[in-house]
Amino acid sequence: MVNDEQATFIYINNFEVEEKWQHKELVSLPNISLGNSSSIVNRMEELGIFLAAEQDYVILKDFVDPHYKTYLNEQGFRLPNLLYVEENDPSLTITENILKCPKTIERLKSFGKDNVYLMPFGTSQLEERLSELTGIPLATPSAEISADVNSKIFSRMINERSNLEQIPGASCNSIQELEDSFSLLKHVLDNGGKLVIKEAMGVSGKGIVVIDSEKKFYQYLKLLKKSSQRNGSTKLSMVIEKWIDKACDINYQFIVSKEGYVDFNFAKESIVENGVHQGHIIPSRLDAKQLELLKKAAVKIGGLLHEAGYFGVAGVDAILSSDGKIYPNLEINARFNMSTYQTLIQEVCVSDKDAAIAKKINISTYNQLNFEDILFAAGDLLYSKESKKGLLVTNFATVNATRKDMNQHNDGRLYFMIIETNIERLQFIEDEFKNRLSTITGVSI
């Protein structure tokens, strides 16, 4: 991505960067507050320890649990160099946290030399500001380009230009355009189908509404008009599309070089519930012909991304419909994806004969949960370097991310991958792992 074989990267895993790309003056759909979820999202940066090479650096908000670190080393995982912010503020993203830590910035300034680059999950104006302060160049396109190509409106434009299978719908830049587009798509409801409205920069199930009746559409339209009156703007950035009944969700990744070459990496089946990403299944249920279709789509999409000034990792969300049709581009994530963080594990641990699953568990605890507790409960289910099978915890930091006091109820998440010989065995280990976690005092799943 930087055309430098000697490059050293400093990884900044600023998840949900889309929120920094959103234009605040735009009218938006009402969202339900998710409470402490931002504190959990902000600790997802620990996933980066599996992405960076041994000579690279990862900046974290807090220390890695020592027992977790020991376990990973014992299983043959060579962790990158770890840097920590001087004071973790749970409410801040990793980049925001670094920018509020003068000592951390001074430390980064000492890295300002040839062959060192900042490598964020995605680039916003905050990462550009950090680059300016530290003198370390970004290994990514500008924030403006990144934001432009991540829009669902941009994806629909690419589909039109590339003659890719497009879901019936429209791009809308004003309340009036949304209302007009609904009138053209209302026949879908009349025929027993559904529509979906998506904010162009929506992420993690936010900014999405399923419309199953004309009444519901006009209820949301009324809310948008009220919001418009409050902020004095009728501008919005949304798409309205026919709801497609699907067999499965697919995520595929490729890399666009600065010269415009496209290198296809993989396709995985995504686990999505209510619009929220829950994990991946490897391999996907796509056949060879369908996979080849995605590879050809990647070349077309990558070419237009390059034309727009983008280079680097790009992930695309696609779906296989219940009638067997592939829609190869619902949206482009021109940034790292959750699937990106499984890449090195997949290369080292998952053979062509294996099956794997990457997921998360919502976990409630009363007492502080240490990785020793996980080790004891999981026992023989855990991954071992000898067999290259079992359950591998990929992020422990999110378990205690919202805890303020030792003896306090805490809602967190545990991220993991399971590598086994078949799908049935994956399901057995996942179910057994959840059962064993539930036996820990003060833990509920």
# chains A, B, ... in the order shown; residues from 1 in each chain; ligands from 1

call {"tool": "residues_around", "arguments": {"residues": "Ile240 in chain A", "least_positions_apart": "5", "cutoff": "12 Å", "atoms": "only C-alpha atoms", "output": "PDB file with N, CA, C and O atoms, in the first residue's frame"}}
result
ATOM      1  N   LYS A 152     -22.850   4.594   0.743  1.00  0.00           N
ATOM      2  CA  LYS A 152     -23.702   3.647   0.014  1.00  0.00           C
ATOM      3  C   LYS A 152     -24.189   4.256  -1.300  1.00  0.00           C
ATOM      4  O   LYS A 152     -24.513   3.526  -2.246  1.00  0.00           O
ATOM      5  N   ILE A 153     -24.246   5.568  -1.367  1.00  0.00           N
ATOM      6  CA  ILE A 153     -24.604   6.242  -2.614  1.00  0.00           C
ATOM      7  C   ILE A 153     -23.496   6.033  -3.656  1.00  0.00           C
ATOM      8  O   ILE A 153     -23.768   5.783  -4.834  1.00  0.00           O
ATOM      9  N   ARG A 156     -23.866   2.524  -5.140  1.00  0.00           N
ATOM     10  CA  ARG A 156     -24.898   2.406  -6.166  1.00  0.00           C
ATOM     11  C   ARG A 156     -24.409   3.010  -7.487  1.00  0.00           C
ATOM     12  O   ARG A 156     -24.688   2.474  -8.565  1.00  0.00           O
ATOM     13  N   ILE A 167     -29.612  -3.782  -6.652  1.00  0.00           N
ATOM     14  CA  ILE A 167     -30.911  -3.916  -5.992  1.00  0.00           C
ATOM     15  C   ILE A 167     -31.805  -2.750  -6.420  1.00  0.00           C
ATOM     16  O   ILE A 167     -31.357  -1.596  -6.404  1.00  0.00           O
ATOM     17  N   PRO A 168     -33.040  -3.008  -6.830  1.00  0.00           N
ATOM     18  CA  PRO A 168     -33.932  -1.910  -7.207  1.00  0.00           C
ATOM     19  C   PRO A 168     -34.034  -0.890  -6.080  1.00  0.00           C
ATOM     20  O   PRO A 168     -34.258  -1.250  -4.920  1.00  0.00           O
ATOM     21  N   GLY A 169     -33.839   0.370  -6.415  1.00  0.00           N
ATOM     22  CA  GLY A 169     -33.867   1.411  -5.393  1.00  0.00           C
ATOM     23  C   GLY A 169     -33.391   2.725  -5.946  1.00  0.00           C
ATOM     24  O   GLY A 169     -33.332   2.924  -7.164  1.00  0.00           O
ATOM     25  N   ALA A 170     -33.009   3.638  -5.040  1.00  0.00           N
ATOM     26  CA  ALA A 170     -32.585   4.971  -5.459  1.00  0.00           C
ATOM     27  C   ALA A 170     -31.706   5.604  -4.392  1.00  0.00           C
ATOM     28  O   ALA A 170     -31.794   5.271  -3.204  1.00  0.00           O
ATOM     29  N   SER A 171     -30.857   6.524  -4.836  1.00  0.00           N
ATOM     30  CA  SER A 171     -30.054   7.345  -3.930  1.00  0.00           C
ATOM     31  C   SER A 171     -30.776   8.660  -3.699  1.00  0.00           C
ATOM     32  O   SER A 171     -31.340   9.239  -4.632  1.00  0.00           O
ATOM     33  N   CYS A 172     -30.763   9.132  -2.455  1.00  0.00           N
ATOM     34  CA  CYS A 172     -31.545  10.313  -2.095  1.00  0.00           C
ATOM     35  C   CYS A 172     -30.677  11.317  -1.345  1.00  0.00           C
ATOM     36  O   CYS A 172     -30.026  10.966  -0.352  1.00  0.00           O
ATOM     37  N   ASN A 173     -30.693  12.560  -1.823  1.00  0.00           N
ATOM     38  CA  ASN A 173     -29.914  13.624  -1.187  1.00  0.00           C
ATOM     39  C   ASN A 173     -30.785  14.700  -0.552  1.00  0.00           C
ATOM     40  O   ASN A 173     -30.275  15.719  -0.095  1.00  0.00           O
ATOM     41  N   ILE A 175     -35.010  15.305   1.419  1.00  0.00           N
ATOM     42  CA  ILE A 175     -36.264  14.704   1.880  1.00  0.00           C
ATOM     43  C   ILE A 175     -37.222  14.523   0.710  1.00  0.00           C
ATOM     44  O   ILE A 175     -37.906  13.500   0.607  1.00  0.00           O
ATOM     45  N   GLU A 177     -36.458  14.026  -2.442  1.00  0.00           N
ATOM     46  CA  GLU A 177     -36.006  12.903  -3.270  1.00  0.00           C
ATOM     47  C   GLU A 177     -36.392  11.565  -2.632  1.00  0.00           C
ATOM     48  O   GLU A 177     -36.758  10.618  -3.332  1.00  0.00           O
ATOM     49  N   LEU A 178     -36.324  11.495  -1.313  1.00  0.00           N
ATOM     50  CA  LEU A 178     -36.718  10.272  -0.619  1.00  0.00           C
ATOM     51  C   LEU A 178     -38.204  10.004  -0.810  1.00  0.00           C
ATOM     52  O   LEU A 178     -38.618   8.872  -1.095  1.00  0.00           O
ATOM     53  N   GLU A 179     -39.009  11.045  -0.684  1.00  0.00           N
ATOM     54  CA  GLU A 179     -40.453  10.888  -0.849  1.00  0.00           C
ATOM     55  C   GLU A 179     -40.795  10.505  -2.294  1.00  0.00           C
ATOM     56  O   GLU A 179     -41.629   9.622  -2.524  1.00  0.00           O
ATOM     57  N   ASP A 180     -40.133  11.132  -3.243  1.00  0.00           N
ATOM     58  CA  ASP A 180     -40.380  10.814  -4.660  1.00  0.00           C
ATOM     59  C   ASP A 180     -39.964   9.382  -4.975  1.00  0.00           C
ATOM     60  O   ASP A 180     -40.659   8.662  -5.703  1.00  0.00           O
ATOM     61  N   SER A 181     -38.830   8.963  -4.420  1.00  0.00           N
ATOM     62  CA  SER A 181     -38.327   7.608  -4.672  1.00  0.00           C
ATOM     63  C   SER A 181     -39.255   6.568  -4.068  1.00  0.00           C
ATOM     64  O   SER A 181     -39.469   5.490  -4.651  1.00  0.00           O
ATOM     65  N   PHE A 182     -39.812   6.880  -2.904  1.00  0.00           N
ATOM     66  CA  PHE A 182     -40.764   5.952  -2.294  1.00  0.00           C
ATOM     67  C   PHE A 182     -41.976   5.761  -3.195  1.00  0.00           C
ATOM     68  O   PHE A 182     -42.471   4.628  -3.350  1.00  0.00           O
ATOM     69  N   SER A 183     -42.438   6.834  -3.790  1.00  0.00           N
ATOM     70  CA  SER A 183     -43.599   6.733  -4.684  1.00  0.00           C
ATOM     71  C   SER A 183     -43.324   5.772  -5.834  1.00  0.00           C
ATOM     72  O   SER A 183     -44.205   5.009  -6.251  1.00  0.00           O
ATOM     73  N   LEU A 184     -42.083   5.783  -6.335  1.00  0.00           N
ATOM     74  CA  LEU A 184     -41.715   4.904  -7.448  1.00  0.00           C
ATOM     75  C   LEU A 184     -41.536   3.455  -7.004  1.00  0.00           C
ATOM     76  O   LEU A 184     -41.632   2.533  -7.823  1.00  0.00           O
ATOM     77  N   LEU A 185     -41.254   3.248  -5.709  1.00  0.00           N
ATOM     78  CA  LEU A 185     -41.008   1.902  -5.190  1.00  0.00           C
ATOM     79  C   LEU A 185     -42.176   1.339  -4.385  1.00  0.00           C
ATOM     80  O   LEU A 185     -42.118   0.206  -3.922  1.00  0.00           O
ATOM     81  N   LYS A 186     -43.223   2.125  -4.230  1.00  0.00           N
ATOM     82  CA  LYS A 186     -44.358   1.723  -3.401  1.00  0.00           C
ATOM     83  C   LYS A 186     -44.994   0.417  -3.894  1.00  0.00           C
ATOM     84  O   LYS A 186     -45.561  -0.347  -3.106  1.00  0.00           O
ATOM     85  N   VAL A 188     -43.623  -2.221  -4.538  1.00  0.00           N
ATOM     86  CA  VAL A 188     -43.009  -3.363  -3.835  1.00  0.00           C
ATOM     87  C   VAL A 188     -43.848  -3.728  -2.613  1.00  0.00           C
ATOM     88  O   VAL A 188     -44.110  -4.907  -2.348  1.00  0.00           O
ATOM     89  N   LYS A 194     -41.046  -5.679   1.014  1.00  0.00           N
ATOM     90  CA  LYS A 194     -40.621  -4.651   1.972  1.00  0.00           C
ATOM     91  C   LYS A 194     -39.563  -3.774   1.324  1.00  0.00           C
ATOM     92  O   LYS A 194     -38.918  -4.152   0.340  1.00  0.00           O
ATOM     93  N   LEU A 195     -39.386  -2.606   1.895  1.00  0.00           N
ATOM     94  CA  LEU A 195     -38.330  -1.684   1.506  1.00  0.00           C
ATOM     95  C   LEU A 195     -37.408  -1.450   2.697  1.00  0.00           C
ATOM     96  O   LEU A 195     -37.767  -1.755   3.842  1.00  0.00           O
ATOM     97  N   VAL A 196     -36.239  -0.914   2.419  1.00  0.00           N
ATOM     98  CA  VAL A 196     -35.324  -0.574   3.502  1.00  0.00           C
ATOM     99  C   VAL A 196     -34.703   0.784   3.194  1.00  0.00           C
ATOM    100  O   VAL A 196     -34.333   1.075   2.056  1.00  0.00           O
ATOM    101  N   ILE A 197     -34.637   1.623   4.222  1.00  0.00           N
ATOM    102  CA  ILE A 197     -33.967   2.922   4.117  1.00  0.00           C
ATOM    103  C   ILE A 197     -32.660   2.822   4.897  1.00  0.00           C
ATOM    104  O   ILE A 197     -32.640   2.381   6.050  1.00  0.00           O
ATOM    105  N   LYS A 198     -31.556   3.233   4.259  1.00  0.00           N
ATOM    106  CA  LYS A 198     -30.246   3.177   4.905  1.00  0.00           C
ATOM    107  C   LYS A 198     -29.558   4.532   4.807  1.00  0.00           C
ATOM    108  O   LYS A 198     -29.520   5.136   3.726  1.00  0.00           O
ATOM    109  N   GLU A 199     -29.007   4.989   5.918  1.00  0.00           N
ATOM    110  CA  GLU A 199     -28.157   6.166   5.854  1.00  0.00           C
ATOM    111  C   GLU A 199     -26.874   5.797   5.120  1.00  0.00           C
ATOM    112  O   GLU A 199     -26.335   4.703   5.302  1.00  0.00           O
ATOM    113  N   ALA A 200     -26.385   6.708   4.311  1.00  0.00           N
ATOM    114  CA  ALA A 200     -25.234   6.411   3.458  1.00  0.00           C
ATOM    115  C   ALA A 200     -24.004   6.016   4.253  1.00  0.00           C
ATOM    116  O   ALA A 200     -23.167   5.253   3.780  1.00  0.00           O
ATOM    117  N   GLY A 207     -28.834   3.551  11.680  1.00  0.00           N
ATOM    118  CA  GLY A 207     -29.176   4.260  10.456  1.00  0.00           C
ATOM    119  C   GLY A 207     -29.789   3.369   9.412  1.00  0.00           C
ATOM    120  O   GLY A 207     -29.542   3.517   8.215  1.00  0.00           O
ATOM    121  N   ILE A 208     -30.626   2.422   9.844  1.00  0.00           N
ATOM    122  CA  ILE A 208     -31.303   1.525   8.913  1.00  0.00           C
ATOM    123  C   ILE A 208     -32.718   1.259   9.413  1.00  0.00           C
ATOM    124  O   ILE A 208     -32.916   1.015  10.608  1.00  0.00           O
ATOM    125  N   VAL A 209     -33.686   1.337   8.518  1.00  0.00           N
ATOM    126  CA  VAL A 209     -35.087   1.130   8.875  1.00  0.00           C
ATOM    127  C   VAL A 209     -35.747   0.274   7.804  1.00  0.00           C
ATOM    128  O   VAL A 209     -35.652   0.576   6.610  1.00  0.00           O
ATOM    129  N   VAL A 210     -36.398  -0.805   8.232  1.00  0.00           N
ATOM    130  CA  VAL A 210     -37.148  -1.653   7.309  1.00  0.00           C
ATOM    131  C   VAL A 210     -38.577  -1.128   7.224  1.00  0.00           C
ATOM    132  O   VAL A 210     -39.225  -0.897   8.253  1.00  0.00           O
ATOM    133  N   ILE A 211     -39.059  -0.920   6.024  1.00  0.00           N
ATOM    134  CA  ILE A 211     -40.393  -0.360   5.776  1.00  0.00           C
ATOM    135  C   ILE A 211     -41.302  -1.463   5.247  1.00  0.00           C
ATOM    136  O   ILE A 211     -41.079  -1.982   4.148  1.00  0.00           O
ATOM    137  N   PHE A 217     -43.645   4.206   6.441  1.00  0.00           N
ATOM    138  CA  PHE A 217     -42.779   5.137   5.715  1.00  0.00           C
ATOM    139  C   PHE A 217     -43.114   6.573   6.087  1.00  0.00           C
ATOM    140  O   PHE A 217     -42.220   7.381   6.381  1.00  0.00           O
ATOM    141  N   LEU A 330     -23.446  -4.337  -2.085  1.00  0.00           N
ATOM    142  CA  LEU A 330     -24.409  -3.559  -1.309  1.00  0.00           C
ATOM    143  C   LEU A 330     -23.750  -2.301  -0.777  1.00  0.00           C
ATOM    144  O   LEU A 330     -24.356  -1.231  -0.750  1.00  0.00           O
TER     145      LEU A 330
END

call {"tool": "select_by_dssp", "arguments": {"residues": "range 5-87 of chain A", "states": "strand (DSSP E)", "output": "ChimeraX atom specification"}}
result
/A:8-12,57-60,81-84

call {"tool": "residues_around", "arguments": {"residues": "Phe428 in chain A", "least_positions_apart": "3", "cutoff": "12 Å", "atoms": "only C-alpha atoms", "output": "list in words"}}
result
Ile357, Leu381, Gly390, Leu391, Ile418, Ile419, Glu420, Thr421, Asn422, Ile423, Glu424, Arg425, Asp431, Glu432, Phe433, Lys434 and Asn435 of chain A

call {"tool": "residues_around", "arguments": {"residues": "Arg107 in chain A", "least_positions_apart": "2", "cutoff": "12 Å", "atoms": "only C-alpha atoms", "output": "VMD selection string"}}
result
chain A and resid 59 83 to 86 98 101 to 105 109 to 112 133 to 136

call {"tool": "write_last_selection", "arguments": {"atoms": "all heavy atoms", "output": "compact mmCIF listing (two decimals), in the first residue's frame"}}
result
# COMPACT_ATOMS: atom_id res chain seq x y z
N ILE A 59 -1.09 0.53 18.94
CA ILE A 59 -1.37 1.40 20.09
C ILE A 59 -2.67 0.95 20.74
O ILE A 59 -3.70 0.81 20.08
CB ILE A 59 -1.49 2.88 19.66
CG1 ILE A 59 -0.25 3.32 18.88
CG2 ILE A 59 -1.66 3.76 20.90
CD1 ILE A 59 -0.30 4.76 18.41
N LEU A 83 2.23 -0.36 22.25
CA LEU A 83 2.32 0.97 22.85
C LEU A 83 0.99 1.26 23.54
O LEU A 83 -0.06 0.82 23.07
CB LEU A 83 2.58 2.03 21.78
CG LEU A 83 3.85 1.86 20.92
CD1 LEU A 83 3.86 2.91 19.81
CD2 LEU A 83 5.09 1.99 21.79
N TYR A 84 1.04 2.01 24.64
CA TYR A 84 -0.18 2.28 25.40
C TYR A 84 -0.34 3.79 25.62
O TYR A 84 0.64 4.51 25.84
CB TYR A 84 -0.13 1.58 26.77
CG TYR A 84 0.02 0.09 26.68
CD1 TYR A 84 1.28 -0.50 26.76
CD2 TYR A 84 -1.08 -0.73 26.49
CE1 TYR A 84 1.43 -1.88 26.66
CE2 TYR A 84 -0.94 -2.12 26.40
CZ TYR A 84 0.32 -2.68 26.49
OH TYR A 84 0.45 -4.05 26.39
N VAL A 85 -1.59 4.26 25.56
CA VAL A 85 -1.85 5.66 25.90
C VAL A 85 -1.57 5.85 27.38
O VAL A 85 -1.67 4.91 28.18
CB VAL A 85 -3.31 6.06 25.58
CG1 VAL A 85 -3.58 5.97 24.09
CG2 VAL A 85 -4.31 5.21 26.36
N GLU A 86 -1.21 7.05 27.74
CA GLU A 86 -0.82 7.27 29.14
C GLU A 86 -2.00 7.21 30.09
O GLU A 86 -1.85 6.89 31.27
CB GLU A 86 -0.10 8.62 29.28
CG GLU A 86 -0.96 9.83 28.91
CD GLU A 86 -0.15 11.07 28.65
OE1 GLU A 86 0.39 11.21 27.54
OE2 GLU A 86 -0.06 11.91 29.57
N ILE A 98 -5.36 9.20 22.03
CA ILE A 98 -3.96 9.57 21.76
C ILE A 98 -3.81 11.08 21.69
O ILE A 98 -2.87 11.65 22.25
CB ILE A 98 -3.49 8.94 20.44
CG1 ILE A 98 -3.49 7.42 20.53
CG2 ILE A 98 -2.08 9.43 20.08
CD1 ILE A 98 -3.31 6.71 19.19
N CYS A 101 -3.31 12.80 24.91
CA CYS A 101 -2.19 12.33 25.73
C CYS A 101 -0.88 12.91 25.18
O CYS A 101 -0.27 12.32 24.27
CB CYS A 101 -2.12 10.81 25.73
SG CYS A 101 -3.49 10.01 26.58
N PRO A 102 -0.42 14.04 25.72
CA PRO A 102 0.81 14.68 25.20
C PRO A 102 2.03 13.75 25.23
O PRO A 102 2.84 13.77 24.30
CB PRO A 102 1.00 15.87 26.15
CG PRO A 102 -0.37 16.17 26.66
CD PRO A 102 -1.06 14.84 26.77
N LYS A 103 2.16 12.94 26.27
CA LYS A 103 3.32 12.05 26.37
C LYS A 103 3.30 10.99 25.26
O LYS A 103 4.35 10.61 24.73
CB LYS A 103 3.36 11.38 27.73
CG LYS A 103 3.71 12.32 28.88
CD LYS A 103 3.78 11.57 30.21
CE LYS A 103 4.11 12.51 31.35
NZ LYS A 103 4.12 11.79 32.67
N THR A 104 2.10 10.52 24.93
CA THR A 104 1.98 9.53 23.86
C THR A 104 2.37 10.15 22.53
O THR A 104 3.07 9.53 21.72
CB THR A 104 0.54 8.99 23.79
OG1 THR A 104 0.15 8.49 25.07
CG2 THR A 104 0.44 7.87 22.77
N ILE A 105 1.95 11.39 22.29
CA ILE A 105 2.29 12.07 21.05
C ILE A 105 3.80 12.29 20.97
O ILE A 105 4.42 12.09 19.90
CB ILE A 105 1.53 13.40 20.94
CG1 ILE A 105 0.03 13.12 20.73
CG2 ILE A 105 2.07 14.25 19.79
CD1 ILE A 105 -0.84 14.34 20.75
N LYS A 109 6.45 10.92 18.16
CA LYS A 109 7.34 11.79 17.40
C LYS A 109 8.72 11.17 17.22
O LYS A 109 9.39 11.40 16.22
CB LYS A 109 7.46 13.16 18.08
CG LYS A 109 6.27 14.07 17.89
CD LYS A 109 6.52 15.41 18.58
CE LYS A 109 5.34 16.36 18.39
NZ LYS A 109 5.56 17.66 19.07
N SER A 110 9.12 10.37 18.20
CA SER A 110 10.44 9.73 18.13
C SER A 110 10.50 8.67 17.04
O SER A 110 11.58 8.23 16.65
CB SER A 110 10.80 9.10 19.48
OG SER A 110 9.96 7.99 19.76
N PHE A 111 9.31 8.25 16.53
CA PHE A 111 9.26 7.27 15.44
C PHE A 111 9.30 7.95 14.08
O PHE A 111 9.32 7.27 13.06
CB PHE A 111 7.97 6.44 15.52
CG PHE A 111 7.93 5.48 16.67
CD1 PHE A 111 7.49 5.88 17.92
CD2 PHE A 111 8.33 4.16 16.50
CE1 PHE A 111 7.44 4.99 18.98
CE2 PHE A 111 8.28 3.26 17.55
CZ PHE A 111 7.84 3.68 18.80
N GLY A 112 9.27 9.25 14.07
CA GLY A 112 9.18 9.99 12.82
C GLY A 112 10.44 9.89 11.99
O GLY A 112 11.31 10.74 12.06
N LEU A 133 0.69 16.10 13.84
CA LEU A 133 1.32 16.35 15.14
C LEU A 133 2.57 15.51 15.35
O LEU A 133 3.53 15.94 15.98
CB LEU A 133 0.32 16.07 16.27
CG LEU A 133 -0.81 17.07 16.46
CD1 LEU A 133 -1.80 16.56 17.50
CD2 LEU A 133 -0.25 18.43 16.88
N THR A 134 2.56 14.29 14.83
CA THR A 134 3.67 13.37 15.07
C THR A 134 4.72 13.38 13.97
O THR A 134 5.84 12.89 14.17
CB THR A 134 3.16 11.93 15.23
OG1 THR A 134 2.48 11.54 14.02
CG2 THR A 134 2.20 11.83 16.41
N GLY A 135 4.35 13.90 12.80
CA GLY A 135 5.28 13.88 11.68
C GLY A 135 5.37 12.52 11.00
O GLY A 135 6.26 12.29 10.19
N ILE A 136 4.44 11.61 11.32
CA ILE A 136 4.44 10.28 10.73
C ILE A 136 3.37 10.24 9.63
O ILE A 136 2.19 10.48 9.90
CB ILE A 136 4.14 9.19 11.78
CG1 ILE A 136 5.13 9.28 12.94
CG2 ILE A 136 4.19 7.80 11.15
CD1 ILE A 136 4.82 8.34 14.09

call {"tool": "closest_residue", "arguments": {"among": "A:Gly202, A:Gly192, A:Pro80, A:Gly312", "to": "His23 in chain A", "atoms": "only C-alpha atoms"}}
result
A:Gly202

call {"tool": "select_by_dssp", "arguments": {"residues": "range 115-333 of chain A", "states": "helix (DSSP H, G or I)", "output": "PyMOL selection string"}}
result
chain A and resi 125-134+143-150+152-162+175-190+214-231+288-307

call {"tool": "atom_distance", "arguments": {"atom1": "CA of Ile301 in chain A", "atom2": "CA of Gln346 in chain A"}}
result
24.7 Å

call {"tool": "residues_around", "arguments": {"residues": "Ala334 in chain A", "least_positions_apart": "2", "cutoff": "6 Å", "atoms": "only C-alpha atoms", "output": "PyMOL selection string"}}
result
chain A and resi 150+314+332

call {"tool": "write_last_selection", "arguments": {"atoms": "all heavy atoms", "output": "CSV table (one decimal), in the first residue's frame"}}
result
chain,number,residue,atom,x,y,z
A,150,ASN,N,-16.8,5.4,0.9
A,150,ASN,CA,-17.5,4.6,1.8
A,150,ASN,C,-19.0,4.8,1.8
A,150,ASN,O,-19.8,4.0,2.4
A,150,ASN,CB,-17.0,4.8,3.2
A,150,ASN,CG,-15.9,3.8,3.5
A,150,ASN,OD1,-16.1,2.7,3.9
A,150,ASN,ND2,-14.7,4.3,3.3
A,314,ALA,N,-9.9,-2.9,0.8
A,314,ALA,CA,-11.4,-2.6,0.6
A,314,ALA,C,-12.2,-3.9,0.8
A,314,ALA,O,-11.8,-5.0,0.4
A,314,ALA,CB,-11.6,-2.1,-0.8
A,332,ILE,N,-19.5,-0.6,-0.1
A,332,ILE,CA,-18.0,-0.7,0.0
A,332,ILE,C,-17.5,-0.2,1.3
A,332,ILE,O,-17.9,0.9,1.7
A,332,ILE,CB,-17.4,0.1,-1.2
A,332,ILE,CG1,-17.9,-0.4,-2.5
A,332,ILE,CG2,-15.8,0.0,-1.1
A,332,ILE,CD1,-17.6,0.5,-3.7

call {"tool": "residues_around", "arguments": {"residues": "Thr340 in chain A", "least_positions_apart": "4", "cutoff": "9 Å", "atoms": "only C-alpha atoms", "output": "list in words"}}
result
Leu51, Gln253, Val313, Gly315, Phe336 and Leu344 of chain A

call {"tool": "residues_around", "arguments": {"residues": "Tyr366 in chain A", "least_positions_apart": "6", "cutoff": "12 Å", "atoms": "only C-alpha atoms", "output": "list in words"}}
result
Val399, Asn400, Thr402, Arg403, Lys404, Asp405, Met406, Asn407, Gln408, His409, Asn410, Asp411, Gly412, Ile440, Thr441, Gly442, Val443 and Ser444 of chain A

call {"tool": "closest_residue", "arguments": {"among": "A:Arg129, A:Val393, A:Leu414, A:Thr95", "to": "Lys69 in chain A", "atoms": "only C-alpha atoms"}}
result
A:Val393

call {"tool": "closest_residue", "arguments": {"among": "A:Val203, A:Met338, A:Ile145, A:Ala377", "to": "Phe50 in chain A", "atoms": "only C-alpha atoms"}}
result
A:Met338

call {"tool": "closest_atom_pairs", "arguments": {"of": "range 123-213 of chain A", "to": "range 6-13 of chain A", "cutoff": "12 Å", "atoms": "only C-alpha atoms", "output": "tab-separated table"}}
result
residue	atom	partner	partner_atom	distance
A:Thr123	CA	A:Ile12	CA	9.8
A:Ser124	CA	A:Ile12	CA	11.8
A:Leu126	CA	A:Ile12	CA	11.3
A:Glu127	CA	A:Ile12	CA	8.7
A:Leu130	CA	A:Ile12	CA	10.6
A:Ser131	CA	A:Ile10	CA	11.1
A:Thr134	CA	A:Ile10	CA	11.8
A:Ile136	CA	A:Ile10	CA	9.3
A:Pro137	CA	A:Phe9	CA	10.1
A:Leu138	CA	A:Phe9	CA	9.3
A:Ala139	CA	A:Phe9	CA	8.1
A:Thr140	CA	A:Phe9	CA	11.3

call {"tool": "write_last_selection", "arguments": {"atoms": "N, CA and C atoms", "output": "PDB file, in the first residue's frame"}}
result
ATOM      1  N   THR A 123      -9.504   6.275   7.855  1.00  0.00           N
ATOM      2  CA  THR A 123      -8.914   7.598   8.031  1.00  0.00           C
ATOM      3  C   THR A 123      -9.968   8.698   8.065  1.00  0.00           C
ATOM      4  N   SER A 124      -9.986   9.418   9.171  1.00  0.00           N
ATOM      5  CA  SER A 124     -10.824  10.610   9.309  1.00  0.00           C
ATOM      6  C   SER A 124      -9.903  11.803   9.549  1.00  0.00           C
ATOM      7  N   LEU A 126      -9.354  13.157  12.253  1.00  0.00           N
ATOM      8  CA  LEU A 126      -8.609  12.948  13.501  1.00  0.00           C
ATOM      9  C   LEU A 126      -7.272  12.262  13.237  1.00  0.00           C
ATOM     10  N   GLU A 127      -7.267  11.261  12.368  1.00  0.00           N
ATOM     11  CA  GLU A 127      -6.015  10.567  12.047  1.00  0.00           C
ATOM     12  C   GLU A 127      -5.083  11.487  11.245  1.00  0.00           C
ATOM     13  N   LEU A 130      -3.440  13.642  13.785  1.00  0.00           N
ATOM     14  CA  LEU A 130      -2.394  12.905  14.493  1.00  0.00           C
ATOM     15  C   LEU A 130      -1.141  12.796  13.636  1.00  0.00           C
ATOM     16  N   SER A 131      -1.313  12.574  12.356  1.00  0.00           N
ATOM     17  CA  SER A 131      -0.179  12.504  11.448  1.00  0.00           C
ATOM     18  C   SER A 131       0.591  13.824  11.435  1.00  0.00           C
ATOM     19  N   THR A 134       2.563  14.286  14.830  1.00  0.00           N
ATOM     20  CA  THR A 134       3.672  13.372  15.073  1.00  0.00           C
ATOM     21  C   THR A 134       4.718  13.376  13.969  1.00  0.00           C
ATOM     22  N   ILE A 136       4.438  11.609  11.324  1.00  0.00           N
ATOM     23  CA  ILE A 136       4.437  10.276  10.727  1.00  0.00           C
ATOM     24  C   ILE A 136       3.371  10.235   9.631  1.00  0.00           C
ATOM     25  N   PRO A 137       3.749   9.924   8.406  1.00  0.00           N
ATOM     26  CA  PRO A 137       2.760   9.919   7.316  1.00  0.00           C
ATOM     27  C   PRO A 137       1.755   8.792   7.457  1.00  0.00           C
ATOM     28  N   LEU A 138       0.585   9.007   6.900  1.00  0.00           N
ATOM     29  CA  LEU A 138      -0.449   7.980   6.857  1.00  0.00           C
ATOM     30  C   LEU A 138      -0.193   7.036   5.694  1.00  0.00           C
ATOM     31  N   ALA A 139      -0.511   5.760   5.899  1.00  0.00           N
ATOM     32  CA  ALA A 139      -0.366   4.759   4.836  1.00  0.00           C
ATOM     33  C   ALA A 139      -1.661   4.611   4.057  1.00  0.00           C
ATOM     34  N   THR A 140      -2.534   5.592   4.149  1.00  0.00           N
ATOM     35  CA  THR A 140      -3.888   5.504   3.603  1.00  0.00           C
ATOM     36  C   THR A 140      -4.227   6.754   2.792  1.00  0.00           C
TER      37      THR A 140
END

call {"tool": "closest_residue", "arguments": {"among": "A:Met157, A:Met238, A:Ile250, A:Ala52", "to": "Val272 in chain A", "atoms": "only C-alpha atoms"}}
result
A:Ile250
